[in-house]
Amino acid sequence: MQDRIIAPTLIAIDHIDFTAPKTHRLSNSVNLYHMNSVPNETSRFDLYFDAGKCKGAIGIAGFVNGLLFSGTEVKSSIEISNEINALGGFLETGISVENAVVSIYCLRENLVSIFKVVIDAIQNASFDEKEVKEFLSDRKQNMMVSMEKVGYLAQREFQQKLFASNESYSKTVNLSDFESVSQTALKEFHAQHYLKGLLKIAVVGNLPDKDIGFIKEKTRSLLTEKSHCFDGNLENKNGSSHINKEGALQCALRIGRILFNKKHEDYLDFLILNTILGDYFGSRLMTNIREEKGYTYGVGTMIAELHQTGYFLIATEVGKKVKDDTINEIKYELNRLQNEKVKQDELQLVKNYMLGQLLKSADGPYSMTDLFLSAEMHGKDLEFYNEALVSIQKITAERIQELALKYLNWDDMTIVSAG
């Protein structure tokens with residue numbers, strides 16, 4: 001019988017055995033990635049398009065993404081939705097600054113049937129005038145509601161200041177933009193960025209070769225014919241700005257700067273610094289601003305990645321009366337990381353947490369595919385995460401202080417508040 005008084009032996013994690021998806025070359029610049037090591041009947045496919053918000057006129061990318069399944073000449077949006085639902089499929093569409101993604105979750109036996117419906121809807125989207133009018137009216141109403149929320153206002157302003165050096169990345173939709181949308185503009189964007197804009201396909205599921213062959217054949221005409229390029233020379237506008245929202249009880253804060261992505265030599269070590277500062281529940285910002293001061297329910301930090309660069313972000317919402325105090329406490333925690341070395345017990349705690357999170361994130365074929373896609377975006381493979389293991393285990397307090405001095409200078413930050 002196990003003696004429960006004696007703690008189990010701790011075993012250091014020094015390597016994770018990853019399973020990489022199989023790569024199918026579709027063209028010089030487009031690949032299909034297939035993860036077939038799935039021990040059940042589920043499946044997923046993702047279609048990545050060169051149709052992010054930085055493309056086209058203001059708002060057009062988001063409008064087209066939202067109307068992608070609004071109907072064809074022979075099927076209504078309801079009919080398309082009913083076909084997918086009848087086959088047990090769950091459809092998601094998403095859009096970021098640089099890409100748009102269409103995802104379907106379903107049983108593997110229905111994947112080909114659903115794929116036919118999805119591709120037909122994308123290829124033959126008609127942008128019916130009635131559908132477009134209803135969609136724009138709905139989106140405009142949603143935006144009017146969002147404009148009353150301090151978090152939304154702060155994020156809009158932060159995006160404009162963060163990407164101040166590039167109009168394509170900094171542009172945000174205004175209510176007036178809903179009035180000037182034409183069918184012609186929607187169709188032209190669709191033709192350029194969807195009908196000839198497929199960048200990547202990811203498939204998860206224990207599918208036979210003939211099903212993968214079918215997907216390759218059905219998407220051949222959609223593949224992008226040009227090398228996609230993204231801006232890597234973005235610069236944020238530092239300094240503070242405030243949006244006054246009459247009657248607001250809360251104040252939203254967004255603080256950050258342009259930084260880097262996985263390609264950068266300091267990325268892995270900065271992840272550890274980021275975790276200490278604000279990327280887990282016991283972080284310094286949570287301890288200070290939530291637990292000790294009671295200013296907020298939650299505060300967090302993150303590193304968001306773009307194709308050629310990335311940015312660092314601190315986000316929270318606090319009582320309007322403690323806005324300035326909260327900003328001062330955030331500044332204090334940045335300065336503390338620059339002026340004081342992290343204690344070994346805190347550093348070890350964060351190391352253990354990050355090692356556990358990395359193991360958790362590699363649990364199962366879906367999670368492993370997501371890890372692969374995140375690395376592949378920057379020209380890396382799954383061994384990148386074993387490099388992360390080494391980085392976590394070897395990091396020192398001196399190295400963390402060095403990175404804080406290099407990247408967490410208050411004068412380099414964009415500081416936005418709304419409330």
# chains A, B, ... in the order shown; residues from 1 in each chain; ligands from 1
$ residues_around --residues "Pro39 (chain A)" --least-positions-apart "2" --cutoff "10 Å" --atoms "only C-alpha atoms" --output "list in words"
Asn36, Ser37, Glu41, Thr42, Gly205, Asn206, Gly364 and Pro365 of chain A
$ write_last_selection --atoms "N, CA and C atoms" --output "PDB file, in the first residue's frame"
ATOM      1  N   ASN A  36      -3.305  12.979 -38.062  1.00  0.00           N
ATOM      2  CA  ASN A  36      -4.209  11.831 -38.111  1.00  0.00           C
ATOM      3  C   ASN A  36      -4.167  10.963 -36.857  1.00  0.00           C
ATOM      4  N   SER A  37      -3.360  11.338 -35.879  1.00  0.00           N
ATOM      5  CA  SER A  37      -3.250  10.538 -34.649  1.00  0.00           C
ATOM      6  C   SER A  37      -4.348  10.912 -33.664  1.00  0.00           C
ATOM      7  N   GLU A  41     -13.567   9.518 -32.946  1.00  0.00           N
ATOM      8  CA  GLU A  41     -14.248   9.760 -34.225  1.00  0.00           C
ATOM      9  C   GLU A  41     -14.399  11.248 -34.560  1.00  0.00           C
ATOM     10  N   THR A  42     -13.768  12.117 -33.793  1.00  0.00           N
ATOM     11  CA  THR A  42     -13.913  13.550 -34.030  1.00  0.00           C
ATOM     12  C   THR A  42     -12.922  14.046 -35.080  1.00  0.00           C
ATOM     13  N   GLY A 205      -7.870  14.647 -37.596  1.00  0.00           N
ATOM     14  CA  GLY A 205      -8.821  13.538 -37.651  1.00  0.00           C
ATOM     15  C   GLY A 205      -8.200  12.331 -38.311  1.00  0.00           C
ATOM     16  N   ASN A 206      -8.632  11.161 -37.901  1.00  0.00           N
ATOM     17  CA  ASN A 206      -8.115   9.913 -38.455  1.00  0.00           C
ATOM     18  C   ASN A 206      -8.806   9.632 -39.787  1.00  0.00           C
ATOM     19  N   GLY A 364      -2.880  15.885 -26.296  1.00  0.00           N
ATOM     20  CA  GLY A 364      -3.846  15.475 -27.314  1.00  0.00           C
ATOM     21  C   GLY A 364      -3.557  16.051 -28.684  1.00  0.00           C
ATOM     22  N   PRO A 365      -4.122  15.446 -29.722  1.00  0.00           N
ATOM     23  CA  PRO A 365      -3.822  15.850 -31.100  1.00  0.00           C
ATOM     24  C   PRO A 365      -4.296  17.244 -31.465  1.00  0.00           C
TER      25      PRO A 365
END
$ select_by_dssp --residues "region 131-379 of chain A" --states "strand (DSSP E or B)" --output "number ranges by chain"
A: 198-204, 223, 239-243, 250-258, 299-305, 310-319
$ residues_around --residues "Asn31 (chain A)" --least-positions-apart "5" --cutoff "9 Å" --atoms "only C-alpha atoms" --output "list in words"
Thr23, His24, Arg25, Leu26, Leu199, Lys200, Ile201 and Ala202 of chain A
$ atom_distance --atom1 "CA of Thr309 (chain A)" --atom2 "CA of His378 (chain A)"
9.8 Å
$ closest_residue --among "A:Asn28, A:Ser126, A:Asn233, A:Ser176" --to "Leu67 (chain A)" --atoms "only C-alpha atoms"
A:Ser126
$ residues_around --residues "region 272-277 of chain A" --least-positions-apart "5" --cutoff "10 Å" --atoms "only C-alpha atoms" --output "PyMOL selection string"
chain A and resi 267+282-287+300-303+312-314+330+333-334+337+342+346-347+349-351+353-354+388+391-392+395+397+399-401+403-404
$ write_last_selection --atoms "N, CA and C atoms" --output "short mmCIF file (atom, residue, chain, number, x, y, z; two decimals), in the first residue's frame"
data_model
loop_
_atom_site.label_atom_id
_atom_site.label_comp_id
_atom_site.auth_asym_id
_atom_site.auth_seq_id
_atom_site.Cartn_x
_atom_site.Cartn_y
_atom_site.Cartn_z
N TYR A 267 12.57 35.97 -27.11
CA TYR A 267 11.15 35.63 -26.93
C TYR A 267 10.93 34.64 -25.79
N GLY A 282 -1.17 33.88 -9.69
CA GLY A 282 -0.33 34.34 -8.59
C GLY A 282 0.70 35.38 -9.01
N SER A 283 0.50 35.99 -10.17
CA SER A 283 1.47 36.95 -10.69
C SER A 283 1.57 38.20 -9.80
N ARG A 284 2.57 38.99 -10.06
CA ARG A 284 2.79 40.20 -9.25
C ARG A 284 1.66 41.22 -9.41
N LEU A 285 1.19 41.40 -10.63
CA LEU A 285 0.11 42.36 -10.83
C LEU A 285 -1.18 41.89 -10.15
N MET A 286 -1.49 40.60 -10.25
CA MET A 286 -2.68 40.08 -9.58
C MET A 286 -2.55 40.20 -8.06
N THR A 287 -1.39 39.87 -7.55
CA THR A 287 -1.18 39.95 -6.11
C THR A 287 -1.32 41.38 -5.62
N GLY A 300 -4.11 41.19 -16.32
CA GLY A 300 -3.24 40.21 -16.95
C GLY A 300 -2.33 40.83 -17.99
N THR A 301 -1.31 40.08 -18.36
CA THR A 301 -0.39 40.49 -19.41
C THR A 301 -0.32 39.40 -20.47
N MET A 302 0.10 39.77 -21.65
CA MET A 302 0.24 38.79 -22.72
C MET A 302 1.22 39.28 -23.77
N ILE A 303 1.72 38.35 -24.56
CA ILE A 303 2.48 38.68 -25.76
C ILE A 303 1.65 38.22 -26.94
N PHE A 312 3.39 43.53 -26.64
CA PHE A 312 3.19 43.24 -25.22
C PHE A 312 2.01 44.05 -24.72
N LEU A 313 1.14 43.44 -23.90
CA LEU A 313 -0.06 44.11 -23.46
C LEU A 313 -0.36 43.81 -21.99
N ILE A 314 -0.72 44.86 -21.25
CA ILE A 314 -1.28 44.75 -19.91
C ILE A 314 -2.72 45.26 -20.00
N ILE A 330 1.06 49.63 -11.52
CA ILE A 330 1.62 48.90 -12.67
C ILE A 330 3.03 49.40 -12.95
N GLU A 333 5.42 47.99 -10.41
CA GLU A 333 5.81 46.60 -10.62
C GLU A 333 6.81 46.45 -11.77
N LEU A 334 6.68 47.28 -12.80
CA LEU A 334 7.68 47.25 -13.88
C LEU A 334 9.04 47.70 -13.36
N LEU A 337 10.80 45.06 -11.18
CA LEU A 337 11.48 44.01 -11.95
C LEU A 337 12.81 44.50 -12.51
N VAL A 342 14.52 38.86 -8.93
CA VAL A 342 13.45 37.97 -8.48
C VAL A 342 14.01 36.95 -7.49
N GLU A 346 10.19 32.43 -5.71
CA GLU A 346 9.20 32.90 -6.68
C GLU A 346 9.55 32.41 -8.08
N LEU A 347 10.82 32.47 -8.43
CA LEU A 347 11.26 32.03 -9.75
C LEU A 347 10.99 30.54 -9.94
N LEU A 349 8.72 28.73 -8.43
CA LEU A 349 7.28 28.55 -8.53
C LEU A 349 6.80 28.80 -9.95
N VAL A 350 7.27 29.88 -10.55
CA VAL A 350 6.87 30.21 -11.92
C VAL A 350 7.40 29.18 -12.91
N LYS A 351 8.62 28.71 -12.70
CA LYS A 351 9.16 27.67 -13.57
C LYS A 351 8.28 26.42 -13.54
N TYR A 353 5.16 26.17 -12.67
CA TYR A 353 3.87 26.48 -13.28
C TYR A 353 3.97 26.42 -14.81
N MET A 354 5.00 27.04 -15.38
CA MET A 354 5.13 27.09 -16.83
C MET A 354 5.41 25.72 -17.43
N ALA A 388 11.81 25.72 -25.39
CA ALA A 388 11.16 26.47 -24.30
C ALA A 388 11.39 25.80 -22.95
N SER A 391 14.79 26.74 -21.83
CA SER A 391 14.81 28.14 -21.43
C SER A 391 14.23 28.32 -20.04
N ILE A 392 13.11 27.66 -19.77
CA ILE A 392 12.47 27.76 -18.46
C ILE A 392 13.39 27.24 -17.36
N ILE A 395 16.73 29.70 -16.97
CA ILE A 395 16.62 31.15 -16.73
C ILE A 395 17.09 31.50 -15.32
N ALA A 397 17.68 34.83 -12.31
CA ALA A 397 17.15 36.12 -11.86
C ALA A 397 17.87 37.27 -12.56
N ARG A 399 19.08 37.25 -15.61
CA ARG A 399 18.57 37.34 -16.98
C ARG A 399 17.21 38.03 -17.01
N ILE A 400 16.37 37.75 -16.05
CA ILE A 400 15.05 38.38 -15.98
C ILE A 400 15.19 39.88 -15.76
N GLN A 401 16.09 40.27 -14.88
CA GLN A 401 16.32 41.70 -14.64
C GLN A 401 16.86 42.38 -15.90
N LEU A 403 16.25 41.55 -19.02
CA LEU A 403 15.15 41.72 -19.97
C LEU A 403 14.20 42.82 -19.54
N ALA A 404 13.96 42.93 -18.24
CA ALA A 404 13.10 44.00 -17.73
C ALA A 404 13.69 45.37 -18.04
#
$ residues_around --residues "region 92-103 of chain A" --least-positions-apart "2" --cutoff "7 Å" --atoms "only C-alpha atoms" --output "PyMOL selection string"
chain A and resi 45-54+62+90+105+169
$ write_last_selection --atoms "C-alpha atoms" --output "CSV table (one decimal), in the first residue's frame"
chain,number,residue,atom,x,y,z
A,45,PHE,CA,-10.5,21.5,-40.4
A,46,ASP,CA,-9.3,25.1,-40.6
A,47,LEU,CA,-9.0,27.2,-43.7
A,48,TYR,CA,-6.7,30.2,-43.4
A,49,PHE,CA,-7.2,33.1,-45.8
A,50,ASP,CA,-5.2,36.3,-46.6
A,51,ALA,CA,-8.2,38.3,-45.5
A,52,GLY,CA,-7.3,40.0,-42.3
A,53,LYS,CA,-8.5,43.5,-41.1
A,54,CYS,CA,-5.3,45.1,-42.5
A,62,GLY,CA,-14.8,42.1,-41.3
A,90,PHE,CA,-20.1,23.3,-35.7
A,105,TYR,CA,-15.7,20.6,-35.9
A,169,TYR,CA,-3.0,48.0,-39.0
$ residues_around --residues "Ile215 (chain A)" --least-positions-apart "6" --cutoff "9 Å" --atoms "only C-alpha atoms" --output "PyMOL selection string"
chain A and resi 112+115-116
$ write_last_selection --atoms "N, CA and C atoms" --output "PDB file, in the first residue's frame"
ATOM      1  N   VAL A 112     -16.194  15.140 -45.024  1.00  0.00           N
ATOM      2  CA  VAL A 112     -16.222  15.399 -46.463  1.00  0.00           C
ATOM      3  C   VAL A 112     -17.534  16.046 -46.881  1.00  0.00           C
ATOM      4  N   PHE A 115     -17.502  19.549 -45.706  1.00  0.00           N
ATOM      5  CA  PHE A 115     -16.510  20.308 -46.471  1.00  0.00           C
ATOM      6  C   PHE A 115     -17.107  20.767 -47.809  1.00  0.00           C
ATOM      7  N   LYS A 116     -17.898  19.911 -48.437  1.00  0.00           N
ATOM      8  CA  LYS A 116     -18.551  20.289 -49.701  1.00  0.00           C
ATOM      9  C   LYS A 116     -19.457  21.493 -49.501  1.00  0.00           C
TER      10      LYS A 116
END
$ residues_around --residues "region 143-146 of chain A" --least-positions-apart "2" --cutoff "12 Å" --atoms "only C-alpha atoms" --output "VMD selection string"
chain A and resid 136 to 141 148 to 156 172 to 178
$ closest_residue --among "A:Glu157, A:Asp17, A:Glu383, A:Glu246" --to "Lys320 (chain A)" --atoms "only C-alpha atoms"
A:Glu246
$ select_by_dssp --residues "region 236-364 of chain A" --states "alpha helix (DSSP H)" --output "PDB file with N, CA and C atoms, in the first residue's frame"
ATOM      1  N   TYR A 267      12.572  35.967 -27.110  1.00  0.00           N
ATOM      2  CA  TYR A 267      11.154  35.629 -26.930  1.00  0.00           C
ATOM      3  C   TYR A 267      10.926  34.641 -25.791  1.00  0.00           C
ATOM      4  N   LEU A 268      11.634  33.526 -25.790  1.00  0.00           N
ATOM      5  CA  LEU A 268      11.383  32.479 -24.797  1.00  0.00           C
ATOM      6  C   LEU A 268      11.664  32.959 -23.376  1.00  0.00           C
ATOM      7  N   ASP A 269      12.747  33.675 -23.195  1.00  0.00           N
ATOM      8  CA  ASP A 269      13.060  34.178 -21.861  1.00  0.00           C
ATOM      9  C   ASP A 269      12.078  35.266 -21.425  1.00  0.00           C
ATOM     10  N   PHE A 270      11.621  36.075 -22.393  1.00  0.00           N
ATOM     11  CA  PHE A 270      10.648  37.116 -22.034  1.00  0.00           C
ATOM     12  C   PHE A 270       9.317  36.505 -21.615  1.00  0.00           C
ATOM     13  N   LEU A 271       8.969  35.335 -22.157  1.00  0.00           N
ATOM     14  CA  LEU A 271       7.749  34.654 -21.729  1.00  0.00           C
ATOM     15  C   LEU A 271       7.747  34.418 -20.214  1.00  0.00           C
ATOM     16  N   ILE A 272       8.907  34.092 -19.682  1.00  0.00           N
ATOM     17  CA  ILE A 272       9.031  33.830 -18.246  1.00  0.00           C
ATOM     18  C   ILE A 272       8.854  35.125 -17.456  1.00  0.00           C
ATOM     19  N   LEU A 273       9.494  36.184 -17.924  1.00  0.00           N
ATOM     20  CA  LEU A 273       9.312  37.507 -17.312  1.00  0.00           C
ATOM     21  C   LEU A 273       7.839  37.906 -17.366  1.00  0.00           C
ATOM     22  N   ASN A 274       7.208  37.688 -18.501  1.00  0.00           N
ATOM     23  CA  ASN A 274       5.796  38.021 -18.670  1.00  0.00           C
ATOM     24  C   ASN A 274       4.912  37.261 -17.679  1.00  0.00           C
ATOM     25  N   THR A 275       5.239  35.994 -17.437  1.00  0.00           N
ATOM     26  CA  THR A 275       4.458  35.182 -16.506  1.00  0.00           C
ATOM     27  C   THR A 275       4.597  35.706 -15.085  1.00  0.00           C
ATOM     28  N   ILE A 276       5.809  36.030 -14.698  1.00  0.00           N
ATOM     29  CA  ILE A 276       6.037  36.596 -13.363  1.00  0.00           C
ATOM     30  C   ILE A 276       5.221  37.866 -13.168  1.00  0.00           C
ATOM     31  N   LEU A 277       5.227  38.706 -14.183  1.00  0.00           N
ATOM     32  CA  LEU A 277       4.561  40.000 -14.068  1.00  0.00           C
ATOM     33  C   LEU A 277       3.037  39.875 -14.033  1.00  0.00           C
ATOM     34  N   GLY A 278       2.456  39.073 -14.964  1.00  0.00           N
ATOM     35  CA  GLY A 278       0.997  39.111 -15.017  1.00  0.00           C
ATOM     36  C   GLY A 278       0.287  37.990 -15.737  1.00  0.00           C
ATOM     37  N   ARG A 284       2.570  38.995 -10.061  1.00  0.00           N
ATOM     38  CA  ARG A 284       2.786  40.199  -9.246  1.00  0.00           C
ATOM     39  C   ARG A 284       1.660  41.217  -9.412  1.00  0.00           C
ATOM     40  N   LEU A 285       1.187  41.399 -10.629  1.00  0.00           N
ATOM     41  CA  LEU A 285       0.108  42.359 -10.833  1.00  0.00           C
ATOM     42  C   LEU A 285      -1.177  41.891 -10.154  1.00  0.00           C
ATOM     43  N   LYS A 323      -8.204  54.779 -10.988  1.00  0.00           N
ATOM     44  CA  LYS A 323      -7.473  54.655 -12.260  1.00  0.00           C
ATOM     45  C   LYS A 323      -6.012  55.057 -12.103  1.00  0.00           C
ATOM     46  N   ASP A 324      -5.773  56.249 -11.586  1.00  0.00           N
ATOM     47  CA  ASP A 324      -4.404  56.748 -11.464  1.00  0.00           C
ATOM     48  C   ASP A 324      -3.579  55.894 -10.495  1.00  0.00           C
ATOM     49  N   ASP A 325      -4.202  55.461  -9.416  1.00  0.00           N
ATOM     50  CA  ASP A 325      -3.494  54.605  -8.460  1.00  0.00           C
ATOM     51  C   ASP A 325      -3.096  53.279  -9.110  1.00  0.00           C
ATOM     52  N   THR A 326      -3.981  52.742  -9.935  1.00  0.00           N
ATOM     53  CA  THR A 326      -3.682  51.479 -10.611  1.00  0.00           C
ATOM     54  C   THR A 326      -2.519  51.644 -11.580  1.00  0.00           C
ATOM     55  N   ILE A 327      -2.542  52.711 -12.345  1.00  0.00           N
ATOM     56  CA  ILE A 327      -1.435  52.972 -13.281  1.00  0.00           C
ATOM     57  C   ILE A 327      -0.125  53.104 -12.512  1.00  0.00           C
ATOM     58  N   ASN A 328      -0.162  53.766 -11.396  1.00  0.00           N
ATOM     59  CA  ASN A 328       1.055  53.915 -10.582  1.00  0.00           C
ATOM     60  C   ASN A 328       1.551  52.569 -10.067  1.00  0.00           C
ATOM     61  N   GLU A 329       0.625  51.687  -9.684  1.00  0.00           N
ATOM     62  CA  GLU A 329       1.028  50.363  -9.197  1.00  0.00           C
ATOM     63  C   GLU A 329       1.614  49.503 -10.319  1.00  0.00           C
ATOM     64  N   ILE A 330       1.057  49.631 -11.517  1.00  0.00           N
ATOM     65  CA  ILE A 330       1.622  48.902 -12.667  1.00  0.00           C
ATOM     66  C   ILE A 330       3.035  49.399 -12.947  1.00  0.00           C
ATOM     67  N   LYS A 331       3.197  50.711 -12.931  1.00  0.00           N
ATOM     68  CA  LYS A 331       4.530  51.292 -13.146  1.00  0.00           C
ATOM     69  C   LYS A 331       5.491  50.821 -12.053  1.00  0.00           C
ATOM     70  N   TYR A 332       4.995  50.759 -10.829  1.00  0.00           N
ATOM     71  CA  TYR A 332       5.822  50.301  -9.708  1.00  0.00           C
ATOM     72  C   TYR A 332       6.308  48.877  -9.937  1.00  0.00           C
ATOM     73  N   GLU A 333       5.422  47.988 -10.413  1.00  0.00           N
ATOM     74  CA  GLU A 333       5.813  46.597 -10.621  1.00  0.00           C
ATOM     75  C   GLU A 333       6.810  46.450 -11.771  1.00  0.00           C
ATOM     76  N   LEU A 334       6.684  47.277 -12.801  1.00  0.00           N
ATOM     77  CA  LEU A 334       7.683  47.250 -13.882  1.00  0.00           C
ATOM     78  C   LEU A 334       9.037  47.703 -13.358  1.00  0.00           C
ATOM     79  N   ASN A 335       9.027  48.774 -12.588  1.00  0.00           N
ATOM     80  CA  ASN A 335      10.277  49.291 -12.027  1.00  0.00           C
ATOM     81  C   ASN A 335      10.918  48.289 -11.062  1.00  0.00           C
ATOM     82  N   ARG A 336      10.077  47.594 -10.301  1.00  0.00           N
ATOM     83  CA  ARG A 336      10.605  46.621  -9.336  1.00  0.00           C
ATOM     84  C   ARG A 336      11.341  45.484 -10.042  1.00  0.00           C
ATOM     85  N   LEU A 337      10.802  45.062 -11.184  1.00  0.00           N
ATOM     86  CA  LEU A 337      11.483  44.008 -11.951  1.00  0.00           C
ATOM     87  C   LEU A 337      12.813  44.498 -12.508  1.00  0.00           C
ATOM     88  N   GLN A 338      12.900  45.801 -12.760  1.00  0.00           N
ATOM     89  CA  GLN A 338      14.143  46.371 -13.271  1.00  0.00           C
ATOM     90  C   GLN A 338      15.173  46.587 -12.161  1.00  0.00           C
ATOM     91  N   ASN A 339      14.709  46.883 -10.964  1.00  0.00           N
ATOM     92  CA  ASN A 339      15.625  47.287  -9.884  1.00  0.00           C
ATOM     93  C   ASN A 339      15.940  46.190  -8.871  1.00  0.00           C
ATOM     94  N   GLN A 344      14.502  33.468  -5.507  1.00  0.00           N
ATOM     95  CA  GLN A 344      14.575  32.118  -6.062  1.00  0.00           C
ATOM     96  C   GLN A 344      13.300  31.316  -5.838  1.00  0.00           C
ATOM     97  N   ASP A 345      12.636  31.504  -4.692  1.00  0.00           N
ATOM     98  CA  ASP A 345      11.418  30.724  -4.457  1.00  0.00           C
ATOM     99  C   ASP A 345      10.306  31.137  -5.416  1.00  0.00           C
ATOM    100  N   GLU A 346      10.191  32.432  -5.713  1.00  0.00           N
ATOM    101  CA  GLU A 346       9.203  32.902  -6.679  1.00  0.00           C
ATOM    102  C   GLU A 346       9.547  32.408  -8.081  1.00  0.00           C
ATOM    103  N   LEU A 347      10.821  32.471  -8.426  1.00  0.00           N
ATOM    104  CA  LEU A 347      11.257  32.028  -9.747  1.00  0.00           C
ATOM    105  C   LEU A 347      10.987  30.537  -9.935  1.00  0.00           C
ATOM    106  N   GLN A 348      11.264  29.741  -8.906  1.00  0.00           N
ATOM    107  CA  GLN A 348      11.031  28.310  -9.015  1.00  0.00           C
ATOM    108  C   GLN A 348       9.548  27.991  -9.145  1.00  0.00           C
ATOM    109  N   LEU A 349       8.720  28.732  -8.428  1.00  0.00           N
ATOM    110  CA  LEU A 349       7.280  28.549  -8.527  1.00  0.00           C
ATOM    111  C   LEU A 349       6.796  28.798  -9.952  1.00  0.00           C
ATOM    112  N   VAL A 350       7.270  29.877 -10.552  1.00  0.00           N
ATOM    113  CA  VAL A 350       6.875  30.215 -11.918  1.00  0.00           C
ATOM    114  C   VAL A 350       7.398  29.177 -12.906  1.00  0.00           C
ATOM    115  N   LYS A 351       8.615  28.707 -12.699  1.00  0.00           N
ATOM    116  CA  LYS A 351       9.155  27.666 -13.567  1.00  0.00           C
ATOM    117  C   LYS A 351       8.280  26.418 -13.540  1.00  0.00           C
ATOM    118  N   ASN A 352       7.924  25.985 -12.336  1.00  0.00           N
ATOM    119  CA  ASN A 352       7.090  24.789 -12.203  1.00  0.00           C
ATOM    120  C   ASN A 352       5.729  24.986 -12.871  1.00  0.00           C
ATOM    121  N   TYR A 353       5.164  26.173 -12.671  1.00  0.00           N
ATOM    122  CA  TYR A 353       3.869  26.479 -13.284  1.00  0.00           C
ATOM    123  C   TYR A 353       3.967  26.419 -14.814  1.00  0.00           C
ATOM    124  N   MET A 354       4.998  27.042 -15.383  1.00  0.00           N
ATOM    125  CA  MET A 354       5.129  27.091 -16.828  1.00  0.00           C
ATOM    126  C   MET A 354       5.406  25.715 -17.427  1.00  0.00           C
ATOM    127  N   LEU A 355       6.188  24.906 -16.738  1.00  0.00           N
ATOM    128  CA  LEU A 355       6.440  23.545 -17.219  1.00  0.00           C
ATOM    129  C   LEU A 355       5.129  22.754 -17.240  1.00  0.00           C
ATOM    130  N   GLY A 356       4.323  22.909 -16.206  1.00  0.00           N
ATOM    131  CA  GLY A 356       3.037  22.221 -16.162  1.00  0.00           C
ATOM    132  C   GLY A 356       2.101  22.696 -17.260  1.00  0.00           C
ATOM    133  N   GLN A 357       2.081  24.002 -17.505  1.00  0.00           N
ATOM    134  CA  GLN A 357       1.226  24.556 -18.557  1.00  0.00           C
ATOM    135  C   GLN A 357       1.653  24.079 -19.940  1.00  0.00           C
ATOM    136  N   LEU A 358       2.964  23.957 -20.139  1.00  0.00           N
ATOM    137  CA  LEU A 358       3.462  23.486 -21.426  1.00  0.00           C
ATOM    138  C   LEU A 358       3.060  22.036 -21.666  1.00  0.00           C
ATOM    139  N   LEU A 359       3.163  21.217 -20.625  1.00  0.00           N
ATOM    140  CA  LEU A 359       2.712  19.824 -20.743  1.00  0.00           C
ATOM    141  C   LEU A 359       1.213  19.765 -21.027  1.00  0.00           C
ATOM    142  N   LYS A 360       0.459  20.582 -20.341  1.00  0.00           N
ATOM    143  CA  LYS A 360      -0.988  20.620 -20.535  1.00  0.00           C
ATOM    144  C   LYS A 360      -1.341  21.036 -21.957  1.00  0.00           C
ATOM    145  N   SER A 361      -0.620  22.000 -22.499  1.00  0.00           N
ATOM    146  CA  SER A 361      -0.911  22.513 -23.837  1.00  0.00           C
ATOM    147  C   SER A 361      -0.560  21.515 -24.931  1.00  0.00           C
TER     148      SER A 361
END
